[in-house]
Each structure stands twice: as structure tokens, then as C-alpha cells.
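File shown: upload-v6.tsv (TSV, C-alpha atoms).
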```tsv
chain	number	residue	atom	x	y	z
A	240	MET	CA	-46.53	-65.26	-2.89
A	241	ARG	CA	-46.44	-67.69	-0.05
A	242	ALA	CA	-48.67	-67.86	2.97
A	243	ILE	CA	-47.22	-68.57	6.37
A	244	ARG	CA	-47.77	-72.22	7.25
A	245	GLY	CA	-46.93	-74.12	10.36
A	246	SER	CA	-48.04	-74.68	13.89
A	247	ALA	CA	-50.38	-72.41	15.85
A	248	ARG	CA	-47.37	-71.28	17.90
A	249	ASP	CA	-45.55	-70.30	14.72
A	250	ASP	CA	-48.60	-68.34	13.61
A	251	GLN	CA	-48.76	-66.59	16.98
A	252	GLY	CA	-45.08	-65.76	16.73
A	253	THR	CA	-45.53	-64.38	13.23
A	254	VAL	CA	-48.51	-62.31	14.29
A	255	GLY	CA	-46.54	-60.98	17.26
A	256	ARG	CA	-43.55	-60.02	15.10
A	257	SER	CA	-45.80	-58.53	12.45
A	258	THR	CA	-47.57	-56.45	15.09
A	259	ALA	CA	-44.28	-55.19	16.50
A	260	LEU	CA	-43.08	-54.36	13.01
A	261	ALA	CA	-46.33	-52.54	12.22
A	262	ALA	CA	-46.00	-50.52	15.44
A	263	ALA	CA	-42.45	-49.55	14.48
A	264	TRP	CA	-43.60	-48.55	11.01
A	265	TRP	CA	-46.44	-46.52	12.51
A	266	LEU	CA	-44.06	-44.59	14.76
A	267	ALA	CA	-41.55	-44.01	11.96
A	268	MET	CA	-44.17	-42.85	9.45
A	269	PHE	CA	-45.86	-40.56	11.95
A	270	ALA	CA	-42.50	-39.05	12.91
A	271	ALA	CA	-41.67	-38.57	9.22
A	272	TRP	CA	-45.04	-36.84	8.67
A	273	ILE	CA	-44.48	-34.44	11.55
A	274	ALA	CA	-40.93	-33.73	10.32
A	275	LEU	CA	-42.15	-32.98	6.81
A	276	VAL	CA	-45.14	-30.78	7.68
A	277	ASP	CA	-43.40	-29.12	10.65
A	278	SER	CA	-46.71	-28.53	12.38
A	279	VAL	CA	-48.63	-30.01	15.31
A	280	ALA	CA	-51.95	-28.45	14.36
A	281	LEU	CA	-54.84	-30.83	14.92
A	282	PRO	CA	-55.74	-31.35	11.24
A	283	GLU	CA	-52.11	-32.21	10.46
A	284	LEU	CA	-51.95	-34.64	13.38
A	285	LEU	CA	-55.15	-36.36	12.28
A	286	VAL	CA	-53.97	-36.72	8.68
A	287	GLY	CA	-50.59	-37.94	9.92
A	288	LEU	CA	-52.23	-40.52	12.19
A	289	THR	CA	-54.35	-41.75	9.30
A	290	ALA	CA	-51.44	-41.96	6.88
A	291	ALA	CA	-49.26	-43.72	9.46
A	292	THR	CA	-52.04	-46.20	10.21
A	293	VAL	CA	-52.45	-47.05	6.53
A	294	ALA	CA	-48.71	-47.57	6.17
A	295	ALA	CA	-48.59	-49.72	9.31
A	296	LEU	CA	-51.46	-51.89	8.08
A	297	VAL	CA	-49.73	-52.46	4.75
A	298	ALA	CA	-46.48	-53.33	6.56
A	299	TYR	CA	-48.36	-55.72	8.85
A	300	GLU	CA	-50.00	-57.58	5.97
A	301	VAL	CA	-46.82	-57.75	3.90
A	302	HIS	CA	-44.91	-59.21	6.83
A	303	ARG	CA	-47.66	-61.55	7.96
A	304	ARG	CA	-48.00	-63.03	4.48
A	305	GLY	CA	-44.24	-63.48	4.19
A	306	TYR	CA	-43.87	-61.44	1.00
A	307	ILE	CA	-40.71	-59.86	2.35
A	308	SER	CA	-38.49	-61.55	4.90
A	309	PHE	CA	-35.65	-59.39	6.17
A	310	ARG	CA	-33.90	-60.30	9.41
A	311	PRO	CA	-30.43	-58.77	9.66
A	312	ARG	CA	-28.10	-59.34	12.55
A	313	PHE	CA	-27.52	-56.24	14.64
A	314	ARG	CA	-23.75	-56.68	14.46
A	315	TRP	CA	-23.87	-56.27	10.68
A	316	LEU	CA	-24.99	-52.68	11.21
A	317	LEU	CA	-21.88	-52.04	13.33
A	318	GLN	CA	-19.89	-52.02	10.07
A	319	SER	CA	-21.35	-48.61	9.17
A	320	PRO	CA	-18.33	-46.47	10.23
A	321	ARG	CA	-16.08	-48.57	8.00
A	322	LEU	CA	-18.53	-47.97	5.17
A	323	VAL	CA	-18.23	-44.20	5.62
A	324	ARG	CA	-14.44	-44.44	5.33
A	325	SER	CA	-14.77	-46.61	2.22
A	326	VAL	CA	-17.12	-44.10	0.58
A	327	LEU	CA	-14.68	-41.26	1.16
A	328	ALA	CA	-11.67	-43.27	0.01
A	329	ASP	CA	-13.47	-44.50	-3.11
A	330	SER	CA	-14.60	-40.98	-3.95
A	331	ALA	CA	-10.98	-39.86	-3.85
A	332	THR	CA	-10.05	-42.83	-6.07
A	333	LEU	CA	-12.67	-41.85	-8.61
A	334	GLY	CA	-11.51	-38.25	-8.49
A	335	TYR	CA	-7.97	-39.31	-9.27
A	336	ALA	CA	-9.18	-41.58	-12.07
A	337	LEU	CA	-11.10	-38.66	-13.55
A	338	TRP	CA	-8.04	-36.46	-13.34
A	339	ARG	CA	-5.97	-39.13	-15.09
A	340	ARG	CA	-8.59	-39.41	-17.83
A	341	VAL	CA	-9.23	-35.71	-18.41
A	342	VAL	CA	-5.90	-34.03	-17.65
A	343	ARG	CA	-3.38	-36.70	-18.54
A	344	GLY	CA	-5.49	-38.39	-21.21
A	345	GLU	CA	-4.79	-41.84	-19.80
A	346	PRO	CA	-7.36	-44.56	-20.48
A	347	VAL	CA	-9.37	-45.68	-17.49
A	348	HIS	CA	-11.02	-49.08	-17.80
A	349	GLY	CA	-13.17	-50.76	-15.23
A	350	THR	CA	-12.86	-54.43	-14.46
A	351	THR	CA	-15.39	-57.10	-13.62
A	352	ILE	CA	-14.54	-59.69	-11.02
A	353	ARG	CA	-16.39	-62.80	-9.90
A	354	ILE	CA	-16.18	-63.53	-6.20
A	355	PRO	CA	-17.22	-66.76	-4.46
A	356	PHE	CA	-20.33	-65.99	-2.44
A	357	ASP	CA	-22.47	-68.20	-0.26
A	358	TYR	CA	-25.95	-67.49	-1.61
A	359	GLY	CA	-27.62	-69.18	1.34
A	360	GLY	CA	-31.28	-70.06	1.50
A	361	ASP	CA	-34.65	-68.45	0.99
A	362	ASN	CA	-34.95	-67.10	4.50
A	363	GLY	CA	-34.90	-63.73	6.20
A	364	ARG	CA	-31.36	-64.00	7.51
A	365	ASP	CA	-29.72	-64.92	4.21
A	366	GLY	CA	-31.93	-62.53	2.30
A	367	ALA	CA	-30.89	-59.71	4.60
A	368	ARG	CA	-27.23	-60.69	4.20
A	369	ARG	CA	-27.50	-60.63	0.40
A	370	ALA	CA	-29.30	-57.29	0.45
A	371	LEU	CA	-26.85	-55.65	2.85
A	372	VAL	CA	-23.80	-56.97	0.99
A	373	ASN	CA	-25.25	-55.62	-2.24
A	374	LEU	CA	-26.04	-52.30	-0.56
A	375	SER	CA	-22.64	-51.84	1.04
A	376	VAL	CA	-20.68	-52.81	-2.09
A	377	SER	CA	-22.85	-50.69	-4.39
A	378	LEU	CA	-22.79	-47.74	-2.00
A	379	THR	CA	-19.01	-47.39	-2.25
A	380	PRO	CA	-18.41	-45.49	-5.49
A	381	ASN	CA	-15.53	-47.59	-6.83
A	382	SER	CA	-17.54	-50.80	-6.96
A	383	TYR	CA	-21.04	-52.12	-7.42
A	384	VAL	CA	-22.70	-55.50	-7.64
A	385	ILE	CA	-23.80	-56.46	-11.13
A	386	ASP	CA	-25.28	-59.84	-10.38
A	387	ILE	CA	-25.66	-62.44	-7.64
A	388	ASP	CA	-25.60	-65.96	-9.05
A	389	PRO	CA	-27.63	-68.34	-6.87
A	390	GLU	CA	-26.60	-71.51	-8.70
A	391	GLY	CA	-22.98	-70.55	-9.18
A	392	HIS	CA	-22.68	-69.14	-5.66
A	393	SER	CA	-20.84	-66.08	-6.84
A	394	LEU	CA	-21.02	-62.32	-6.86
A	395	LEU	CA	-20.22	-60.35	-10.01
A	396	VAL	CA	-18.72	-57.00	-9.07
A	397	HIS	CA	-17.58	-54.13	-11.28
A	398	GLN	CA	-14.70	-51.93	-10.12
A	399	LEU	CA	-13.62	-48.80	-11.92
A	400	VAL	CA	-10.13	-48.87	-10.43
A	401	ALA	CA	-8.84	-52.33	-9.57
A	402	ARG	CA	-8.34	-52.53	-5.81
A	403	PRO	CA	-8.01	-55.32	-3.27
A	404	LEU	CA	-11.34	-56.59	-2.08
A	405	ASP	CA	-12.96	-54.36	0.50
A	406	PRO	CA	-13.61	-55.93	3.94
A	407	VAL	CA	-17.24	-56.79	3.17
A	408	LEU	CA	-16.38	-58.70	0.00
A	409	ASP	CA	-13.35	-60.30	1.59
A	410	ARG	CA	-15.43	-61.52	4.51
A	411	GLN	CA	-18.02	-63.01	2.15
A	412	ARG	CA	-15.31	-64.67	0.09
A	413	ARG	CA	-13.82	-66.25	3.23
A	414	ARG	CA	-17.26	-67.34	4.38
A	415	ALA	CA	-17.84	-69.04	1.04
A	416	HIS	CA	-14.43	-70.68	1.21
A	417	ASP	CA	-15.12	-71.94	4.74
A	418	ARG	CA	-18.33	-73.52	3.44
A	419	GLY	CA	-16.57	-75.19	0.55
A	420	ILE	CA	-17.92	-72.85	-2.11
A	421	GLY	CA	-15.90	-71.32	-4.94
A	422	ASP	CA	-12.44	-71.75	-6.35
A	423	GLY	CA	-10.29	-74.41	-4.84
A	424	ALA	CA	-13.11	-75.75	-2.74
B	232	MET	CA	-29.35	-12.85	-6.30
B	233	ASN	CA	-27.56	-14.77	-3.58
B	234	GLU	CA	-24.96	-17.53	-3.39
B	235	TRP	CA	-27.61	-20.28	-3.46
B	236	LEU	CA	-29.12	-19.09	-6.72
B	237	ILE	CA	-25.69	-18.65	-8.25
B	238	ALA	CA	-24.80	-22.20	-7.20
B	239	ALA	CA	-28.04	-23.47	-8.72
B	240	GLY	CA	-27.25	-21.71	-11.99
B	241	VAL	CA	-23.73	-23.13	-12.07
B	242	LEU	CA	-25.05	-26.58	-11.29
B	243	LEU	CA	-27.42	-26.45	-14.24
B	244	VAL	CA	-24.36	-26.44	-16.50
B	245	GLY	CA	-23.87	-30.04	-15.36
B	246	LEU	CA	-26.94	-31.01	-17.36
B	247	VAL	CA	-25.06	-30.30	-20.60
B	248	PRO	CA	-22.70	-33.32	-20.41
B	249	CYS	CA	-25.66	-35.45	-19.30
B	250	GLY	CA	-27.59	-34.28	-22.36
B	251	ILE	CA	-24.66	-35.04	-24.66
B	252	VAL	CA	-24.46	-38.60	-23.35
B	253	MET	CA	-28.22	-39.02	-23.69
B	254	MET	CA	-28.13	-37.96	-27.31
B	255	ARG	CA	-24.94	-39.66	-28.43
B	256	GLY	CA	-24.56	-42.67	-26.19
B	257	THR	CA	-26.13	-46.09	-26.19
B	258	ILE	CA	-29.49	-46.57	-24.57
B	259	VAL	CA	-28.02	-47.77	-21.29
B	260	GLU	CA	-25.51	-44.90	-21.27
B	261	ALA	CA	-28.48	-42.61	-21.76
B	262	LEU	CA	-30.15	-44.15	-18.71
B	263	VAL	CA	-27.00	-43.55	-16.67
B	264	ALA	CA	-26.96	-39.93	-17.84
B	265	LEU	CA	-30.65	-39.61	-17.00
B	266	GLN	CA	-30.01	-40.83	-13.47
B	267	MET	CA	-27.16	-38.38	-13.09
B	268	ALA	CA	-29.37	-35.58	-14.39
B	269	GLY	CA	-32.00	-36.56	-11.82
B	270	VAL	CA	-29.48	-36.22	-9.01
B	271	VAL	CA	-28.26	-32.87	-10.35
B	272	GLN	CA	-31.81	-31.57	-10.65
B	273	THR	CA	-32.72	-32.71	-7.15
B	274	VAL	CA	-29.75	-30.83	-5.72
B	275	THR	CA	-30.64	-27.82	-7.90
B	276	PHE	CA	-34.14	-27.79	-6.43
B	277	MET	CA	-32.63	-27.82	-2.94
B	278	LEU	CA	-30.48	-24.83	-3.82
B	279	LEU	CA	-33.38	-22.95	-5.40
B	280	ALA	CA	-35.57	-23.62	-2.37
B	281	GLU	CA	-32.89	-22.19	-0.11
B	282	GLY	CA	-32.15	-19.31	-2.49
B	283	TYR	CA	-35.77	-18.22	-2.61
B	284	HIS	CA	-36.26	-18.90	1.12
B	285	ARG	CA	-39.30	-21.04	0.42
B	286	ALA	CA	-39.24	-24.14	2.62
B	287	PRO	CA	-42.17	-25.80	0.73
B	288	PHE	CA	-40.00	-25.81	-2.41
B	289	PHE	CA	-37.96	-28.55	-0.74
B	290	ASP	CA	-40.94	-30.79	-1.36
B	291	LEU	CA	-40.11	-30.55	-5.07
B	292	ALA	CA	-36.65	-31.92	-4.41
B	293	LEU	CA	-38.06	-34.68	-2.23
B	294	ALA	CA	-40.68	-35.63	-4.81
B	295	LEU	CA	-38.11	-35.64	-7.61
B	296	ALA	CA	-35.76	-37.86	-5.61
B	297	LEU	CA	-38.56	-40.38	-5.03
B	298	LEU	CA	-39.83	-40.30	-8.59
B	299	ALA	CA	-36.32	-40.55	-10.04
B	300	LEU	CA	-35.81	-43.71	-7.99
B	301	ALA	CA	-39.05	-45.25	-9.17
B	302	GLY	CA	-38.58	-44.16	-12.77
B	303	GLY	CA	-34.99	-45.36	-12.89
B	304	LEU	CA	-36.00	-48.79	-11.66
B	305	VAL	CA	-38.76	-49.01	-14.25
B	306	PHE	CA	-36.41	-48.01	-17.07
B	307	ALA	CA	-33.73	-50.44	-15.88
B	308	ARG	CA	-36.26	-53.26	-15.74
B	309	MET	CA	-37.52	-52.41	-19.23
B	310	LEU	CA	-34.02	-52.28	-20.64
B	311	GLU	CA	-33.27	-55.76	-19.32
B	312	ARG	CA	-35.67	-57.41	-21.71
B	313	TRP	CA	-38.04	-55.28	-23.68
B	314	VAL	CA	-36.25	-52.39	-25.37
C	3	MET	CA	-18.78	-12.62	6.97
C	4	SER	CA	-19.12	-14.85	10.01
C	5	PRO	CA	-17.13	-18.09	10.33
C	6	SER	CA	-20.31	-20.16	9.93
C	7	SER	CA	-21.11	-18.32	6.70
C	8	VAL	CA	-17.62	-19.06	5.40
C	9	VAL	CA	-18.00	-22.74	6.27
C	10	CYS	CA	-21.43	-22.72	4.66
C	11	VAL	CA	-20.02	-21.35	1.41
C	12	VAL	CA	-17.16	-23.87	1.51
C	13	PHE	CA	-19.62	-26.76	1.73
C	14	LEU	CA	-21.73	-25.19	-1.00
C	15	VAL	CA	-18.80	-24.84	-3.36
C	16	PHE	CA	-17.60	-28.36	-2.57
C	17	GLY	CA	-21.04	-29.83	-3.22
C	18	VAL	CA	-21.42	-28.07	-6.56
C	19	ALA	CA	-17.86	-29.00	-7.58
C	20	VAL	CA	-18.49	-32.67	-6.81
C	21	GLU	CA	-21.68	-32.65	-8.86
C	22	LEU	CA	-20.03	-30.99	-11.85
C	23	ALA	CA	-17.00	-33.29	-11.69
C	24	CYS	CA	-19.26	-36.34	-11.66
C	25	CYS	CA	-21.16	-35.02	-14.68
C	26	VAL	CA	-17.82	-34.77	-16.49
C	27	GLY	CA	-17.07	-38.31	-15.35
C	28	VAL	CA	-20.31	-39.58	-16.88
C	29	LEU	CA	-19.36	-37.85	-20.12
C	30	VAL	CA	-15.75	-38.98	-20.49
C	31	MET	CA	-15.74	-42.53	-19.16
C	32	ARG	CA	-15.64	-45.32	-21.66
C	33	ASP	CA	-18.84	-47.31	-21.30
C	34	ALA	CA	-21.98	-47.47	-19.25
C	35	HIS	CA	-20.46	-49.65	-16.53
C	36	ASP	CA	-17.66	-47.12	-16.03
C	37	LYS	CA	-19.98	-44.12	-16.20
C	38	LEU	CA	-22.24	-45.63	-13.55
C	39	HIS	CA	-19.57	-45.27	-10.88
C	40	TYR	CA	-19.73	-41.47	-11.04
C	41	ILE	CA	-23.33	-41.33	-9.90
C	42	GLY	CA	-22.06	-42.50	-6.50
C	43	PRO	CA	-20.20	-39.39	-5.33
C	44	ALA	CA	-22.83	-37.20	-6.98
C	45	ALA	CA	-25.60	-38.86	-4.98
C	46	ILE	CA	-23.68	-39.07	-1.72
C	47	LEU	CA	-21.08	-36.35	-1.25
C	48	GLY	CA	-22.88	-33.63	-3.21
C	49	PRO	CA	-26.22	-33.82	-1.39
C	50	ILE	CA	-24.53	-34.23	2.00
C	51	ALA	CA	-22.43	-31.11	1.42
C	52	ILE	CA	-25.44	-29.10	0.25
C	53	ALA	CA	-27.56	-30.36	3.15
C	54	VAL	CA	-24.83	-29.42	5.64
C	55	ALA	CA	-24.64	-25.95	4.09
C	56	ILE	CA	-28.41	-25.55	4.37
C	57	VAL	CA	-28.46	-26.77	7.98
C	58	LEU	CA	-25.64	-24.37	8.84
C	59	ARG	CA	-27.74	-21.56	7.44
C	60	GLU	CA	-31.20	-22.66	8.58
C	61	SER	CA	-30.38	-24.96	11.54
C	62	LEU	CA	-32.96	-27.74	12.05
C	63	SER	CA	-35.91	-25.79	10.74
C	64	GLN	CA	-38.31	-27.26	8.22
C	65	ALA	CA	-35.86	-26.41	5.46
C	66	GLY	CA	-32.95	-28.07	7.24
C	67	VAL	CA	-34.92	-31.21	8.05
C	68	LYS	CA	-36.19	-31.55	4.50
C	69	ALA	CA	-32.70	-31.04	3.11
C	70	ILE	CA	-31.45	-33.86	5.32
C	71	ILE	CA	-34.33	-36.15	4.32
C	72	THR	CA	-33.71	-35.44	0.63
C	73	ALA	CA	-29.99	-36.18	1.00
C	74	VAL	CA	-30.70	-39.43	2.86
C	75	LEU	CA	-33.16	-40.45	0.15
C	76	LEU	CA	-30.59	-39.86	-2.59
C	77	ILE	CA	-27.95	-41.81	-0.64
C	78	VAL	CA	-30.25	-44.79	-0.11
C	79	ALA	CA	-31.57	-44.77	-3.69
C	80	ASN	CA	-28.16	-44.60	-5.32
C	81	PRO	CA	-26.94	-48.18	-4.70
C	82	VAL	CA	-30.35	-49.58	-5.63
C	83	LEU	CA	-30.39	-47.75	-8.98
C	84	THR	CA	-26.74	-48.47	-9.65
C	85	HIS	CA	-27.19	-52.18	-9.13
C	86	ALA	CA	-30.39	-52.27	-11.20
C	87	THR	CA	-28.80	-50.40	-14.11
C	88	GLY	CA	-25.60	-52.42	-14.00
C	89	ARG	CA	-27.61	-55.61	-13.99
C	90	ALA	CA	-29.75	-54.40	-16.90
C	91	LEU	CA	-26.63	-53.80	-18.98
C	92	TYR	CA	-25.24	-57.18	-17.99
C	93	ILE	CA	-28.41	-58.96	-19.06
C	94	ARG	CA	-28.61	-56.99	-22.30
C	95	ARG	CA	-25.19	-58.08	-23.32
C	96	ARG	CA	-26.24	-61.59	-24.19
C	97	ASP	CA	-22.70	-62.93	-23.90
C	98	HIS	CA	-21.45	-62.78	-20.35
C	99	LEU	CA	-18.88	-60.10	-19.65
C	100	GLU	CA	-15.44	-61.70	-19.52
C	101	THR	CA	-14.05	-61.34	-16.08
C	102	ASP	CA	-10.72	-59.52	-16.18
C	103	ARG	CA	-9.45	-61.09	-13.03
C	104	GLU	CA	-10.76	-63.87	-10.83
C	105	SER	CA	-10.81	-63.46	-7.15
C	106	SER	CA	-9.29	-66.51	-5.45
```
Is it possible to give me this structure as C-alpha cells?
Amino acid sequence: MRAIRGSARDDQGTVGRSTALAAAWWLAMFAAWIALVDSVALPELLVGLTAATVAALVAYEVHRRGYISFRPRFRWLLQSPRLVRSVLADSATLGYALWRRVVRGEPVHGTTIRIPFDYGGDNGRDGARRALVNLSVSLTPNSYVIDIDPEGHSLLVHQLVARPLDPVLDRQRRRAHDRGIGDGA
Amino acid sequence: MNEWLIAAGVLLVGLVPCGIVMMRGTIVEALVALQMAGVVQTVTFMLLAEGYHRAPFFDLALALALLALAGGLVFARMLERWV
Amino acid sequence: MSPSSVVCVVFLVFGVAVELACCVGVLVMRDAHDKLHYIGPAAILGPIAIAVAIVLRESLSQAGVKAIITAVLLIVANPVLTHATGRALYIRRRDHLETDRESS
């Protein structure tokens, strides 16, 4: 746990961001409530408002106290279509691997690879980068992240069928190389 | 009987290989099989809800998906160090 | 049978087939790390196909919306659980896994 320290302006900025985040959470939770109960009867609205307010207050306090810091860049989210293609391609790869294993009786062995990875610092931007890299690699069925080594600046990834690095991993490897991290640096 | 209920019945067969792995595999393999069984059961609940035309039954699938996530994380954390 | 009903059944059959195939994958693959991969398609493609089938039948009624929410939840939870389980196995194996190939 760490409290937010710093100047009064920093505190005001944090409070402002926390408030905006809480408002977004309130809207999202209220919308989710309405979607789940599928009713706009007054009792449902009142319960939904209460539940959304509780959730927003928790989000506000968590953010204000700095327990979770998550600040992704918007352009990272623009990679989503590529992720959809990767999921479909990897699913086909796994299907073929299963066919090889079951029908042809061929052994199928996964491999573990260690990739240079710039761990970064303990801040919202780097934390979001680590989380989203982990999410995108683990979402694609042919690979998932086993471990992120902060001291060794590396990512341990398991692949069922050995393939060239997907664009996310390749980009992270090049980033690490540019920063002098990893093999040959 | 409709196609949704038939699909749910067919899908339940998928729990057999999961059960075999749970009984015969290592403890971590059993956890993997448990997670797979959770996914299969969540989808089965969706099919049953549609087959019986009971929209509130979808809440079962939703609750199971949430609880399977939480339970899986707890088991994984326990298996790291304590079991 | 209307075209939308045919499409609905196609998605239904596809979703169930993906789930069953992934269950077979969990059974036949060598070790836990390999088995873990097959939860991916089961948690992504299967629920999406079933949710699409339900939405085709029910449109965006309460049932359709809840099917979509359930599918999204499974999709988001899958990488989290996969990473956590893979990491648990890695930690349990007190000797580090030997890397089969290094990325350079």
C-alpha cells in the first residue's frame, strides 16, 4: 500500500482523475445493472443506483490511494483487430496439432522460450504495458506468458506449436533491444 | 426436446475427459481439467437456459463464470506454494 | 427452416464441436503446460459461437444480452487463469524449465 504523496497540485490532479474514473465506473456499473435486470422499474433503478454508487466509491478510493495504477496508451488498443486474427489463426494451429496427436499419433510437445523484455518501472504506463502484453499473448491460444522476470528483464512464454514471435512479442523484443536489454546488448 | 437441450446433453459428454484427467493426472493437470470443466459447464448452462426459454437461468451461467475465475485463481495461488 | 435458423444451428454445432475438441485436447496432450493451451479456444470460440446462436434466436433481449456478457466474461477470464495456472506450475517445478529455444 502506498499513499499518494507530493505537491498540492499533484493531489488535486489525482483527486480529479480519481473522480473522473469513479464517474466512468458509475456509468458502466449502472449500465451493466440495467442490462442484466432488463427493467427500468423504479425499485430496480434505485437498487442499481445504489450498487453503482458503491462500486464507484470503491474505485475512487482504490485509485486515490494508488493501489492500482493503470494508464494504457490509446494506440495500444488499436492492435485489437490483429489480436482477433491471431486468435483465429492460433485456434486453427491447435486444431491441427490435435489432429496430428489423435489421428496420426504424432507427439506434440510445447516449447518454452525466453524473450528479452523491458520490465520498465513501477508506474501506471509500464504496469499497463506489462498487463496488456500478458493479456494479448495469453489470449492467443498457441501461447501464454508463464512469468515476467523483473530483474532479468525477460518474458517466459510457452508455445504449443513453435511459431515465429507474434507482432506483440516481436515489438517488445525490439523495444528491449533498443534499450540495451537482452541478448547481444 | 429441442436443439439447445440436445446440444447441452452432448456437451456434458465433454466432462468425461476432464474427469479422467482430474482423477489420473497430476495436481496441476487436475486444475487445468477443472478450469476446462468450468468453461464447459458455463456453456452448458447457457444452452439449458435457452432450451428451457428461461432468461433468468442465464444468471447461473454468469455466476459460474465469475466464481470459476475466482476459484481458479485461488487454486492456482495455493498450488504455487502450499499444496 | 428459415435461413437464420440454419445459421443458428451451424453456430450451435460449431460451438459444441469446439468445446468437445478442446476437452479431448486437455485429455491427450502431454503435460499441464500443453493441456492449458486448449482452454483458450474453449473459452473464446465456443462461447462466442453459442452467444451468436442465442442472439440470432433471441435478438438483443435479456437472454441475448446475458449470453453476450457471459461470453465476454469467459474471454476476459481465460488469459488471466491461463497465466496464473502456468505460473503456478512453473513455480512448483523448483528447477527452472529449460528453454528449448532462445529468442534472439
With a cut-off of 8 Å and counting only C-alpha atoms, select all residues of chain C in contact with chain B and give the selection as an MDAnalysis selection string.
-> chainID C and resid 11 14:15 18 21:22 25:26 28:29 33:34 37:38 41 44:45 48:49 52 56 64:65 68:69 71:72 75:76 79 83 86:87 89:91 93:94
Atom pair atom CA of Asp361 of chain A / atom CA of Ile77 of chain C: separation (Å) =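 If I compute the distance from atom CA of Asp361 of chain A to atom CA of Ile77 of chain C, I get 27.5 Å.
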Please identify every residue of chain A that has at least one atom no more than 7 Å from any atom of chain C, counting all atoms listed in the file, and report them as a list in words.
-> Ala274, Leu275, Asp277, Ser330, Leu337, Gly349, Thr350, Thr351, Ile352, Arg353, Ile354, Leu374, Ser377, Leu378, Pro380, Asn381, Tyr383, Val384, Ile385, Asp386, Leu399 and Asp422 of chain A
Would you mind exporting C-alpha atoms of the selected residues as a short mmCIF file (atom, residue, chain, number, x, y, z; two decimals), in the frame of the given file?
```cif
data_model
loop_
_atom_site.label_atom_id
_atom_site.label_comp_id
_atom_site.auth_asym_id
_atom_site.auth_seq_id
_atom_site.Cartn_x
_atom_site.Cartn_y
_atom_site.Cartn_z
CA ALA A 274 -40.93 -33.73 10.32
CA LEU A 275 -42.15 -32.98 6.81
CA ASP A 277 -43.40 -29.12 10.65
CA SER A 330 -14.60 -40.98 -3.95
CA LEU A 337 -11.10 -38.66 -13.55
CA GLY A 349 -13.17 -50.76 -15.23
CA THR A 350 -12.86 -54.43 -14.46
CA THR A 351 -15.39 -57.10 -13.62
CA ILE A 352 -14.54 -59.69 -11.02
CA ARG A 353 -16.39 -62.80 -9.90
CA ILE A 354 -16.18 -63.53 -6.20
CA LEU A 374 -26.04 -52.30 -0.56
CA SER A 377 -22.85 -50.69 -4.39
CA LEU A 378 -22.79 -47.74 -2.00
CA PRO A 380 -18.41 -45.49 -5.49
CA ASN A 381 -15.53 -47.59 -6.83
CA TYR A 383 -21.04 -52.12 -7.42
CA VAL A 384 -22.70 -55.50 -7.64
CA ILE A 385 -23.80 -56.46 -11.13
CA ASP A 386 -25.28 -59.84 -10.38
CA LEU A 399 -13.62 -48.80 -11.92
CA ASP A 422 -12.44 -71.75 -6.35
#
```
At what distance in Å, to one decimal, does atom CA of Arg310 of chain A lie from atom CA of Arg256 of chain A?
->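 We find that atom CA of Arg256 of chain A and atom CA of Arg310 of chain A lie 11.2 Å from each other.
Taking atom CA of Gly305 of chain A and atom CA of Thr253 of chain A as the two end points, the separation is 9.2 Å.
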Return the padded bounding box of segment 275-282 of chain A as AutoDock Vina command-line options: axis-aligned, built from all atoms listed in the file, 8 Å added on each side, with centre and edge lengths in Å to one decimal.
```
--center_x -48.9 --center_y -30.7 --center_z 11.1 --size_x 29.6 --size_y 20.5 --size_z 24.5
```
